[in-house]
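S.K.: Just so it is clear, I am handing over coords38.cif, which has mmCIF, C-alpha atoms.
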```
data_query
loop_
_atom_site.label_atom_id
_atom_site.label_comp_id
_atom_site.auth_asym_id
_atom_site.auth_seq_id
_atom_site.Cartn_x
_atom_site.Cartn_y
_atom_site.Cartn_z
CA MET A 1 -23.78 2.70 -5.68
CA ARG A 2 -20.92 0.18 -5.92
CA HIS A 3 -19.27 0.62 -2.54
CA ASN A 4 -16.87 -2.22 -1.67
CA LYS A 5 -17.63 -4.15 -4.86
CA LYS A 6 -14.14 -4.46 -6.28
CA PHE A 7 -13.91 -7.66 -8.32
CA ASN A 8 -13.88 -7.51 -12.11
CA HIS A 9 -17.15 -8.58 -13.73
CA LEU A 10 -15.33 -9.17 -17.06
CA GLY A 11 -18.40 -8.02 -19.02
CA ARG A 12 -20.32 -11.21 -18.23
CA THR A 13 -23.26 -12.36 -16.16
CA ALA A 14 -22.51 -14.05 -12.86
CA SER A 15 -23.25 -17.57 -14.14
CA HIS A 16 -21.16 -17.06 -17.29
CA ARG A 17 -18.29 -15.62 -15.26
CA ASN A 18 -18.34 -18.52 -12.76
CA ALA A 19 -18.44 -21.10 -15.55
CA MET A 20 -15.58 -19.38 -17.40
CA LEU A 21 -13.39 -19.16 -14.29
CA ALA A 22 -14.10 -22.81 -13.43
CA ASN A 23 -13.13 -23.88 -16.96
CA MET A 24 -9.98 -21.75 -16.90
CA ALA A 25 -9.04 -23.14 -13.48
CA CYS A 26 -9.46 -26.72 -14.74
CA SER A 27 -7.29 -25.92 -17.76
CA LEU A 28 -4.64 -24.34 -15.54
CA ILE A 29 -4.60 -27.38 -13.25
CA LYS A 30 -4.38 -29.84 -16.14
CA HIS A 31 -1.87 -27.98 -18.34
CA LYS A 32 0.03 -26.01 -15.64
CA ARG A 33 0.14 -22.92 -17.95
CA ILE A 34 -2.50 -21.15 -20.03
CA THR A 35 -2.49 -18.03 -22.21
CA THR A 36 -5.22 -15.46 -21.63
CA THR A 37 -5.81 -11.74 -21.15
CA VAL A 38 -4.39 -9.96 -18.12
CA ALA A 39 -7.85 -9.14 -16.71
CA LYS A 40 -8.99 -12.76 -16.91
CA ALA A 41 -5.68 -13.97 -15.44
CA LYS A 42 -6.04 -11.68 -12.43
CA ALA A 43 -9.61 -12.85 -11.87
CA LEU A 44 -8.48 -16.47 -12.26
CA LYS A 45 -5.69 -15.96 -9.72
CA LYS A 46 -8.22 -14.87 -7.10
CA PHE A 47 -10.42 -17.83 -8.02
CA VAL A 48 -7.86 -20.66 -8.09
CA GLU A 49 -5.45 -19.81 -5.25
CA PRO A 50 -7.99 -20.45 -2.46
CA LEU A 51 -8.81 -23.78 -4.12
CA ILE A 52 -5.13 -24.76 -4.13
CA THR A 53 -4.87 -23.78 -0.47
CA LYS A 54 -7.93 -25.89 0.26
CA ALA A 55 -6.30 -28.84 -1.53
CA LYS A 56 -3.40 -28.91 0.94
CA ASP A 57 -5.47 -30.91 3.42
CA ASP A 58 -6.90 -33.95 1.66
CA THR A 59 -10.22 -34.45 3.41
CA THR A 60 -13.60 -35.39 2.05
CA ASN A 61 -15.01 -31.98 2.82
CA SER A 62 -12.20 -30.10 1.07
CA ARG A 63 -12.60 -32.35 -1.99
CA ARG A 64 -16.33 -31.59 -2.06
CA VAL A 65 -15.76 -27.85 -1.75
CA VAL A 66 -13.18 -27.87 -4.57
CA PHE A 67 -15.39 -30.04 -6.77
CA SER A 68 -18.36 -27.72 -6.24
CA ASN A 69 -16.23 -24.91 -7.70
CA LEU A 70 -14.48 -26.80 -10.51
CA GLN A 71 -17.10 -29.40 -11.61
CA ASP A 72 -14.35 -31.60 -13.12
CA LYS A 73 -13.32 -34.73 -11.26
CA TYR A 74 -10.11 -35.19 -13.28
CA ALA A 75 -8.94 -31.69 -12.36
CA VAL A 76 -9.82 -32.31 -8.70
CA THR A 77 -7.86 -35.57 -8.72
CA GLU A 78 -4.86 -33.86 -10.34
CA LEU A 79 -5.05 -31.02 -7.82
CA PHE A 80 -5.15 -33.27 -4.76
CA LYS A 81 -2.69 -35.96 -5.92
CA GLU A 82 0.08 -34.04 -7.69
CA ILE A 83 -0.18 -30.30 -7.18
CA SER A 84 -0.94 -30.34 -3.45
CA VAL A 85 2.11 -32.55 -2.82
CA LYS A 86 4.38 -30.22 -4.77
CA ILE A 87 3.15 -27.01 -3.10
CA ALA A 88 2.83 -28.42 0.42
CA ASP A 89 5.56 -26.20 1.93
CA ARG A 90 4.66 -23.01 0.00
CA PRO A 91 2.71 -20.50 2.15
CA GLY A 92 0.91 -18.91 -0.82
CA GLY A 93 1.52 -17.37 -4.22
CA TYR A 94 0.93 -20.52 -6.23
CA THR A 95 0.50 -18.78 -9.60
CA ARG A 96 2.59 -16.38 -11.66
CA ILE A 97 1.35 -13.96 -14.33
CA ILE A 98 3.84 -13.07 -17.08
CA LYS A 99 2.77 -10.45 -19.61
CA THR A 100 3.48 -11.27 -23.25
CA GLY A 101 2.38 -8.14 -25.13
CA ASN A 102 -0.78 -7.14 -26.95
CA ARG A 103 -3.07 -9.26 -29.12
CA LEU A 104 -3.06 -8.38 -32.82
CA GLY A 105 -6.82 -8.32 -33.37
CA ASP A 106 -8.06 -6.03 -30.60
CA ASN A 107 -4.83 -4.95 -28.88
CA ALA A 108 -5.83 -6.64 -25.61
CA GLU A 109 -3.05 -7.15 -23.07
CA MET A 110 -2.08 -10.83 -23.18
CA CYS A 111 -0.21 -12.93 -20.65
CA PHE A 112 0.23 -16.45 -19.52
CA ILE A 113 -0.60 -17.62 -16.05
CA GLU A 114 1.24 -20.63 -14.69
CA LEU A 115 1.70 -22.65 -11.54
CA VAL A 116 4.95 -21.50 -9.94
CA ASP A 117 6.43 -24.89 -9.02
CA TYR A 118 5.95 -26.33 -12.49
CA ASN A 119 8.15 -24.00 -14.54
CA GLU A 120 11.42 -25.88 -15.04
CA ASN A 121 13.11 -22.94 -16.79
CA MET A 122 12.79 -20.69 -13.73
CA ALA A 123 14.10 -23.47 -11.49
CA LYS A 124 17.08 -24.08 -13.80
CA GLU A 125 17.99 -20.39 -13.82
CA LYS A 126 18.12 -20.35 -10.03
CA VAL A 127 20.33 -23.45 -9.99
CA ALA A 128 22.60 -22.02 -12.70
CA LYS A 129 23.07 -18.79 -10.75
CA LYS A 130 24.05 -20.75 -7.65
CA ALA A 131 26.48 -22.85 -9.69
CA THR A 132 28.18 -19.77 -11.13
CA ARG A 133 28.53 -18.29 -7.67
CA THR A 134 30.25 -21.39 -6.36
CA ARG A 135 32.49 -21.56 -9.42
CA ARG A 136 33.51 -17.95 -8.98
CA SER A 137 34.26 -18.47 -5.33
CA LYS A 138 36.42 -21.49 -6.14
CA LYS A 139 38.30 -19.59 -8.83
CA SER A 140 38.81 -16.59 -6.59
CA ALA A 141 40.03 -18.83 -3.77
CA ALA A 142 42.43 -20.57 -6.17
CA ALA A 143 43.54 -17.21 -7.58
CA GLU A 144 44.23 -15.89 -4.10
CA ALA A 145 46.21 -19.00 -3.19
CA ALA A 146 48.35 -18.84 -6.35
CA PRO A 147 49.67 -15.27 -5.84
CA ALA A 148 50.40 -16.08 -2.22
CA ALA A 149 52.53 -19.02 -3.34
CA GLU A 150 54.29 -16.88 -5.98
CA THR A 151 55.08 -14.14 -3.49
CA ALA A 152 56.34 -16.68 -0.98
CA ALA A 153 58.79 -18.21 -3.46
CA PRO A 154 60.64 -14.98 -4.44
CA VAL A 155 60.87 -13.91 -0.81
CA ALA A 156 62.65 -17.17 -0.05
CA GLU A 157 65.04 -16.64 -2.98
CA VAL A 158 65.95 -13.03 -2.16
CA PRO A 159 67.59 -13.76 1.20
CA ALA A 160 69.50 -16.65 -0.36
CA THR A 161 71.05 -14.35 -3.01
CA GLU A 162 71.87 -11.73 -0.40
CA GLU A 163 73.57 -14.39 1.71
CA ALA A 164 75.53 -15.53 -1.33
CA LYS A 165 76.71 -11.96 -1.98
CA ALA A 166 77.70 -11.58 1.64
CA GLU A 167 79.88 -14.68 1.55
#
```
Would you give me this structure, written as C-alpha cells?
M.R.:
Amino acid sequence: MRHNKKFNHLGRTASHRNAMLANMACSLIKHKRITTTVAKAKALKKFVEPLITKAKDDTTNSRRVVFSNLQDKYAVTELFKEISVKIADRPGGYTRIIKTGNRLGDNAEMCFIELVDYNENMAKEKVAKKATRTRRSKKSAAAEAAPAAETAAPVAEVPATEEAKAE
C-alpha cells in the first residue's frame, strides 16, 4: 500500500528523478526562469525552495548541504552570493509557476517556473499601479480644490450685485 507517500515519482527511478531535479534546480538558479511541464515544476518547487531557505545563512555546513543536492559549484555560488541576498527578507514562496498552455506534440500542460524577485515585469506593474493611484489622488485633490474656488468666487459676486441694486 502507498499510505502517506504523496510525492510525484514522475515516471522515473529514484536516481533519475534526483538527477533531473538537481539539473532543473541548477538551471533555475542560473537562468532565473525555465520552461517545463506543470508536474515537473511542482516537483522542482518542493525540491528547490528548501535549498533557497538553507542558502539564507551562509555557513560552511549549509553550503555543503546545498552542494550535496545540486552537484554544481557555479549554481551554489550563484545561490549564496546573489539570490540569497535578494531574498533575505522574504519568509518563503521564492518561486512562481505560470501556466502557458498545452504542448503541441503530446498535449502536456506546460508552464514556466521562475524566481519571484527576478521578474522585472511584475515589479514594474506594481510600481505603475502605485503611480496611477498617486496621480489620481492628485488630480482628484486638484479637481476638488478648483470647484471650491469657483463656487467661492460667484458667492462673493452675488452679494456685491445685491448691494448695488439696493443702493
S.K.: Report, in Å with one decimal, the straight-line distance from CA of Arg96 in chain A to CA of Phe67 in chain A.
M.R.: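 Taking CA of Arg96 in chain A and CA of Phe67 in chain A, their separation equals 23.1 Å.
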S.K.: Compare A:Asn4, A:Asn23, A:Ser15, A:Thr53 by their minimum atom-to-atom distance to Gly93 in chain A, counting all atoms listed in the file, and give me the closest one.
M.R.: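 Checking each candidate against Gly93 in chain A, we get A:Thr53 as the closest.
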S.K.: Which neighbours of range 104-109 of chain A fall inside 12 Å, counting only C-alpha atoms, when residues of the same chain fewer than 3 positions from it are skipped, and could you give them as a ChimeraX atom specification?
M.R.: /A:35-42,97-101,112
S.K.: Enumerate, as a list in words, the protein, DNA and RNA residues whose atoms approach (-9.8, -10.4, -6.9) to within 6 Å, taking into account only C-alpha atoms and the coordinate frame of the file.
M.R.: Phe7, Ala43 and Lys46 of chain A
S.K.: Report, in Å with one decimal, the straight-line distance from CA of Asn8 in chain A to CA of Lys32 in chain A.
M.R.: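 Between CA of Asn8 in chain A and CA of Lys32 in chain A the gap works out to 23.4 Å.
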S.K.: Counting all atoms listed in the file, which residue out of A:Ile34, A:Cys111, A:Leu51, A:Val116 sits closest to Leu70 in chain A?
M.R.: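 Using all atoms listed in the file, the shortest distance to Leu70 in chain A belongs to A:Leu51.
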S.K.: Check the smallest atom-to-atom distance from each of A:His9, A:Phe80, A:Ser62, A:Ile113 to Ala25 in chain A using only C-alpha atoms, then report the winner.
M.R.: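 Comparing A:His9, A:Phe80, A:Ser62, A:Ile113 against Ala25 in chain A, the winner is A:Ile113.
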S.K.: Using only C-alpha atoms, determine which residues lie at most 12 Å from range 89-92 of chain A, disregarding the query and same-chain residues fewer than 6 positions distant; provide the list as a PDB file with C-alpha atoms, in the coordinates of the input.
M.R.:
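Below is the file selection-v6.pdb, written as the result:
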```
ATOM      1  CA  LYS A  45      -5.690 -15.960  -9.720  1.00  0.00           C
ATOM      2  CA  LYS A  46      -8.220 -14.870  -7.100  1.00  0.00           C
ATOM      3  CA  VAL A  48      -7.860 -20.660  -8.090  1.00  0.00           C
ATOM      4  CA  GLU A  49      -5.450 -19.810  -5.250  1.00  0.00           C
ATOM      5  CA  PRO A  50      -7.990 -20.450  -2.460  1.00  0.00           C
ATOM      6  CA  LEU A  51      -8.810 -23.780  -4.120  1.00  0.00           C
ATOM      7  CA  ILE A  52      -5.130 -24.760  -4.130  1.00  0.00           C
ATOM      8  CA  THR A  53      -4.870 -23.780  -0.470  1.00  0.00           C
ATOM      9  CA  LYS A  54      -7.930 -25.890   0.260  1.00  0.00           C
ATOM     10  CA  LYS A  56      -3.400 -28.910   0.940  1.00  0.00           C
ATOM     11  CA  ILE A  83      -0.180 -30.300  -7.180  1.00  0.00           C
ATOM     12  CA  LEU A 115       1.700 -22.650 -11.540  1.00  0.00           C
ATOM     13  CA  VAL A 116       4.950 -21.500  -9.940  1.00  0.00           C
ATOM     14  CA  ASP A 117       6.430 -24.890  -9.020  1.00  0.00           C
TER      15      ASP A 117
END
```
S.K.: So which one's closest to Glu78 in chain A, A:Met122, A:Leu44, A:Leu28, A:Met110? Using all atoms listed in the file, please.
M.R.: A:Leu28
S.K.: Give me, please, the distance in Å between CA of Asp57 in chain A and CA of Lys81 in chain A, quoted to one decimal.
M.R.: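 Distance between the two atoms: 11.0 Å.
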S.K.: Go through A:Ile29, A:Ser68, A:Thr60, A:Arg103 and flag the residue nearest Ser84 in chain A, using only C-alpha atoms for the distances.
M.R.: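 Counting only C-alpha atoms, the residue closest to Ser84 in chain A is A:Ile29.
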S.K.: Find the residues around His31 in chain A up to 10 Å (all atoms listed in the file counted), leave out those fewer than 4 positions away in its own chain, and share them as a list in words.
M.R.: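 Selected residues are Ala25, Cys26, Ser27, Ala75, Glu114, Leu115 and Tyr118 of chain A.
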S.K.: Which centre and which edge lengths, in Å to one decimal, describe the axis-aligned box that holds all listed atoms of range 70-88 of chain A after 3 Å is added on each side, as JSON?
M.R.:
```
{"center_x": -6.4, "center_y": -31.4, "center_z": -6.4, "size_x": 27.5, "size_y": 15.2, "size_z": 19.7}
```
S.K.: Quick one: of A:Ala14, A:Ala22, A:Phe47, A:Glu120, who's nearest to Val76 in chain A, counting only C-alpha atoms?
M.R.: A:Ala22
S.K.: Grab range 37-73 of chain A from that structure and dump N, CA, C and O atoms to a file, as a PDB file, in the first residue's frame.
M.R.:
```
ATOM      1  N   THR A  37       7.088  21.139 -17.787  1.00  0.00           N
ATOM      2  CA  THR A  37       5.704  20.720 -17.577  1.00  0.00           C
ATOM      3  C   THR A  37       5.278  21.102 -16.160  1.00  0.00           C
ATOM      4  O   THR A  37       6.117  21.316 -15.282  1.00  0.00           O
ATOM      5  N   VAL A  38       3.981  21.144 -15.949  1.00  0.00           N
ATOM      6  CA  VAL A  38       3.456  21.553 -14.642  1.00  0.00           C
ATOM      7  C   VAL A  38       3.855  20.554 -13.564  1.00  0.00           C
ATOM      8  O   VAL A  38       4.232  20.944 -12.453  1.00  0.00           O
ATOM      9  N   ALA A  39       3.804  19.256 -13.874  1.00  0.00           N
ATOM     10  CA  ALA A  39       4.147  18.237 -12.879  1.00  0.00           C
ATOM     11  C   ALA A  39       5.604  18.364 -12.446  1.00  0.00           C
ATOM     12  O   ALA A  39       5.926  18.306 -11.246  1.00  0.00           O
ATOM     13  N   LYS A  40       6.504  18.561 -13.417  1.00  0.00           N
ATOM     14  CA  LYS A  40       7.917  18.718 -13.074  1.00  0.00           C
ATOM     15  C   LYS A  40       8.153  20.012 -12.309  1.00  0.00           C
ATOM     16  O   LYS A  40       8.980  20.072 -11.406  1.00  0.00           O
ATOM     17  N   ALA A  41       7.425  21.077 -12.665  1.00  0.00           N
ATOM     18  CA  ALA A  41       7.596  22.356 -11.970  1.00  0.00           C
ATOM     19  C   ALA A  41       7.160  22.244 -10.513  1.00  0.00           C
ATOM     20  O   ALA A  41       7.823  22.787  -9.616  1.00  0.00           O
ATOM     21  N   LYS A  42       6.074  21.537 -10.259  1.00  0.00           N
ATOM     22  CA  LYS A  42       5.624  21.371  -8.872  1.00  0.00           C
ATOM     23  C   LYS A  42       6.615  20.542  -8.067  1.00  0.00           C
ATOM     24  O   LYS A  42       6.885  20.836  -6.891  1.00  0.00           O
ATOM     25  N   ALA A  43       7.181  19.513  -8.694  1.00  0.00           N
ATOM     26  CA  ALA A  43       8.190  18.704  -8.009  1.00  0.00           C
ATOM     27  C   ALA A  43       9.453  19.531  -7.768  1.00  0.00           C
ATOM     28  O   ALA A  43      10.075  19.442  -6.704  1.00  0.00           O
ATOM     29  N   LEU A  44       9.816  20.360  -8.756  1.00  0.00           N
ATOM     30  CA  LEU A  44      11.000  21.209  -8.617  1.00  0.00           C
ATOM     31  C   LEU A  44      10.813  22.233  -7.517  1.00  0.00           C
ATOM     32  O   LEU A  44      11.760  22.546  -6.780  1.00  0.00           O
ATOM     33  N   LYS A  45       9.601  22.764  -7.387  1.00  0.00           N
ATOM     34  CA  LYS A  45       9.324  23.761  -6.346  1.00  0.00           C
ATOM     35  C   LYS A  45       9.577  23.167  -4.964  1.00  0.00           C
ATOM     36  O   LYS A  45      10.204  23.793  -4.111  1.00  0.00           O
ATOM     37  N   LYS A  46       9.137  21.934  -4.749  1.00  0.00           N
ATOM     38  CA  LYS A  46       9.366  21.282  -3.457  1.00  0.00           C
ATOM     39  C   LYS A  46      10.841  20.946  -3.245  1.00  0.00           C
ATOM     40  O   LYS A  46      11.295  20.818  -2.110  1.00  0.00           O
ATOM     41  N   PHE A  47      11.575  20.793  -4.341  1.00  0.00           N
ATOM     42  CA  PHE A  47      12.995  20.458  -4.247  1.00  0.00           C
ATOM     43  C   PHE A  47      13.848  21.690  -3.984  1.00  0.00           C
ATOM     44  O   PHE A  47      14.783  21.655  -3.176  1.00  0.00           O
ATOM     45  N   VAL A  48      13.554  22.811  -4.656  1.00  0.00           N
ATOM     46  CA  VAL A  48      14.471  23.955  -4.647  1.00  0.00           C
ATOM     47  C   VAL A  48      14.174  24.952  -3.525  1.00  0.00           C
ATOM     48  O   VAL A  48      15.097  25.618  -3.040  1.00  0.00           O
ATOM     49  N   GLU A  49      12.950  25.052  -3.066  1.00  0.00           N
ATOM     50  CA  GLU A  49      12.645  26.054  -2.036  1.00  0.00           C
ATOM     51  C   GLU A  49      13.350  25.785  -0.709  1.00  0.00           C
ATOM     52  O   GLU A  49      13.851  26.722  -0.087  1.00  0.00           O
ATOM     53  N   PRO A  50      13.450  24.537  -0.240  1.00  0.00           N
ATOM     54  CA  PRO A  50      14.264  24.319   0.972  1.00  0.00           C
ATOM     55  C   PRO A  50      15.741  24.657   0.773  1.00  0.00           C
ATOM     56  O   PRO A  50      16.400  25.110   1.710  1.00  0.00           O
ATOM     57  N   LEU A  51      16.251  24.460  -0.439  1.00  0.00           N
ATOM     58  CA  LEU A  51      17.649  24.811  -0.701  1.00  0.00           C
ATOM     59  C   LEU A  51      17.847  26.324  -0.635  1.00  0.00           C
ATOM     60  O   LEU A  51      18.867  26.801  -0.120  1.00  0.00           O
ATOM     61  N   ILE A  52      16.883  27.078  -1.157  1.00  0.00           N
ATOM     62  CA  ILE A  52      16.984  28.542  -1.101  1.00  0.00           C
ATOM     63  C   ILE A  52      16.892  29.020   0.347  1.00  0.00           C
ATOM     64  O   ILE A  52      17.613  29.928   0.763  1.00  0.00           O
ATOM     65  N   THR A  53      16.023  28.388   1.128  1.00  0.00           N
ATOM     66  CA  THR A  53      15.929  28.733   2.541  1.00  0.00           C
ATOM     67  C   THR A  53      17.247  28.432   3.257  1.00  0.00           C
ATOM     68  O   THR A  53      17.706  29.218   4.089  1.00  0.00           O
ATOM     69  N   LYS A  54      17.849  27.308   2.904  1.00  0.00           N
ATOM     70  CA  LYS A  54      19.127  26.932   3.504  1.00  0.00           C
ATOM     71  C   LYS A  54      20.225  27.931   3.131  1.00  0.00           C
ATOM     72  O   LYS A  54      21.145  28.184   3.912  1.00  0.00           O
ATOM     73  N   ALA A  55      20.108  28.538   1.948  1.00  0.00           N
ATOM     74  CA  ALA A  55      21.133  29.469   1.479  1.00  0.00           C
ATOM     75  C   ALA A  55      21.070  30.818   2.180  1.00  0.00           C
ATOM     76  O   ALA A  55      21.981  31.637   2.027  1.00  0.00           O
ATOM     77  N   LYS A  56      20.038  31.074   2.959  1.00  0.00           N
ATOM     78  CA  LYS A  56      19.936  32.357   3.655  1.00  0.00           C
ATOM     79  C   LYS A  56      21.059  32.541   4.668  1.00  0.00           C
ATOM     80  O   LYS A  56      21.521  33.658   4.864  1.00  0.00           O
ATOM     81  N   ASP A  57      21.465  31.468   5.346  1.00  0.00           N
ATOM     82  CA  ASP A  57      22.596  31.592   6.259  1.00  0.00           C
ATOM     83  C   ASP A  57      23.819  30.973   5.586  1.00  0.00           C
ATOM     84  O   ASP A  57      23.847  29.799   5.273  1.00  0.00           O
ATOM     85  N   ASP A  58      24.798  31.801   5.335  1.00  0.00           N
ATOM     86  CA  ASP A  58      25.975  31.402   4.559  1.00  0.00           C
ATOM     87  C   ASP A  58      27.012  30.789   5.490  1.00  0.00           C
ATOM     88  O   ASP A  58      27.940  31.453   5.946  1.00  0.00           O
ATOM     89  N   THR A  59      26.838  29.512   5.794  1.00  0.00           N
ATOM     90  CA  THR A  59      27.804  28.797   6.610  1.00  0.00           C
ATOM     91  C   THR A  59      28.394  27.652   5.784  1.00  0.00           C
ATOM     92  O   THR A  59      27.849  27.283   4.737  1.00  0.00           O
ATOM     93  N   THR A  60      29.466  27.116   6.259  1.00  0.00           N
ATOM     94  CA  THR A  60      30.105  26.009   5.552  1.00  0.00           C
ATOM     95  C   THR A  60      29.176  24.802   5.480  1.00  0.00           C
ATOM     96  O   THR A  60      29.085  24.141   4.446  1.00  0.00           O
ATOM     97  N   ASN A  61      28.491  24.527   6.559  1.00  0.00           N
ATOM     98  CA  ASN A  61      27.598  23.378   6.561  1.00  0.00           C
ATOM     99  C   ASN A  61      26.447  23.553   5.573  1.00  0.00           C
ATOM    100  O   ASN A  61      26.111  22.614   4.839  1.00  0.00           O
ATOM    101  N   SER A  62      25.844  24.748   5.531  1.00  0.00           N
ATOM    102  CA  SER A  62      24.738  24.946   4.598  1.00  0.00           C
ATOM    103  C   SER A  62      25.217  24.869   3.151  1.00  0.00           C
ATOM    104  O   SER A  62      24.517  24.343   2.284  1.00  0.00           O
ATOM    105  N   ARG A  63      26.428  25.355   2.881  1.00  0.00           N
ATOM    106  CA  ARG A  63      26.985  25.228   1.526  1.00  0.00           C
ATOM    107  C   ARG A  63      27.193  23.760   1.163  1.00  0.00           C
ATOM    108  O   ARG A  63      26.929  23.348   0.037  1.00  0.00           O
ATOM    109  N   ARG A  64      27.655  22.958   2.109  1.00  0.00           N
ATOM    110  CA  ARG A  64      27.874  21.536   1.841  1.00  0.00           C
ATOM    111  C   ARG A  64      26.557  20.808   1.604  1.00  0.00           C
ATOM    112  O   ARG A  64      26.466  19.945   0.727  1.00  0.00           O
ATOM    113  N   VAL A  65      25.541  21.142   2.380  1.00  0.00           N
ATOM    114  CA  VAL A  65      24.236  20.505   2.205  1.00  0.00           C
ATOM    115  C   VAL A  65      23.659  20.855   0.838  1.00  0.00           C
ATOM    116  O   VAL A  65      23.161  19.985   0.113  1.00  0.00           O
ATOM    117  N   VAL A  66      23.723  22.127   0.450  1.00  0.00           N
ATOM    118  CA  VAL A  66      23.202  22.555  -0.846  1.00  0.00           C
ATOM    119  C   VAL A  66      24.002  21.918  -1.975  1.00  0.00           C
ATOM    120  O   VAL A  66      23.440  21.444  -2.964  1.00  0.00           O
ATOM    121  N   PHE A  67      25.322  21.865  -1.829  1.00  0.00           N
ATOM    122  CA  PHE A  67      26.140  21.256  -2.886  1.00  0.00           C
ATOM    123  C   PHE A  67      25.860  19.768  -3.023  1.00  0.00           C
ATOM    124  O   PHE A  67      25.883  19.222  -4.130  1.00  0.00           O
ATOM    125  N   SER A  68      25.577  19.088  -1.914  1.00  0.00           N
ATOM    126  CA  SER A  68      25.281  17.654  -1.996  1.00  0.00           C
ATOM    127  C   SER A  68      23.997  17.403  -2.777  1.00  0.00           C
ATOM    128  O   SER A  68      23.845  16.352  -3.395  1.00  0.00           O
ATOM    129  N   ASN A  69      23.092  18.379  -2.781  1.00  0.00           N
ATOM    130  CA  ASN A  69      21.857  18.239  -3.571  1.00  0.00           C
ATOM    131  C   ASN A  69      22.032  18.680  -5.019  1.00  0.00           C
ATOM    132  O   ASN A  69      21.479  18.072  -5.926  1.00  0.00           O
ATOM    133  N   LEU A  70      22.776  19.764  -5.256  1.00  0.00           N
ATOM    134  CA  LEU A  70      22.872  20.331  -6.598  1.00  0.00           C
ATOM    135  C   LEU A  70      24.019  19.756  -7.432  1.00  0.00           C
ATOM    136  O   LEU A  70      23.887  19.634  -8.642  1.00  0.00           O
ATOM    137  N   GLN A  71      25.162  19.475  -6.811  1.00  0.00           N
ATOM    138  CA  GLN A  71      26.346  18.957  -7.516  1.00  0.00           C
ATOM    139  C   GLN A  71      26.844  19.903  -8.612  1.00  0.00           C
ATOM    140  O   GLN A  71      27.286  19.463  -9.668  1.00  0.00           O
ATOM    141  N   ASP A  72      26.712  21.226  -8.385  1.00  0.00           N
ATOM    142  CA  ASP A  72      27.203  22.209  -9.355  1.00  0.00           C
ATOM    143  C   ASP A  72      27.709  23.415  -8.567  1.00  0.00           C
ATOM    144  O   ASP A  72      26.914  24.175  -8.002  1.00  0.00           O
ATOM    145  N   LYS A  73      29.033  23.596  -8.547  1.00  0.00           N
ATOM    146  CA  LYS A  73      29.578  24.645  -7.692  1.00  0.00           C
ATOM    147  C   LYS A  73      29.242  26.039  -8.200  1.00  0.00           C
ATOM    148  O   LYS A  73      29.137  26.975  -7.411  1.00  0.00           O
TER     149      LYS A  73
END
```
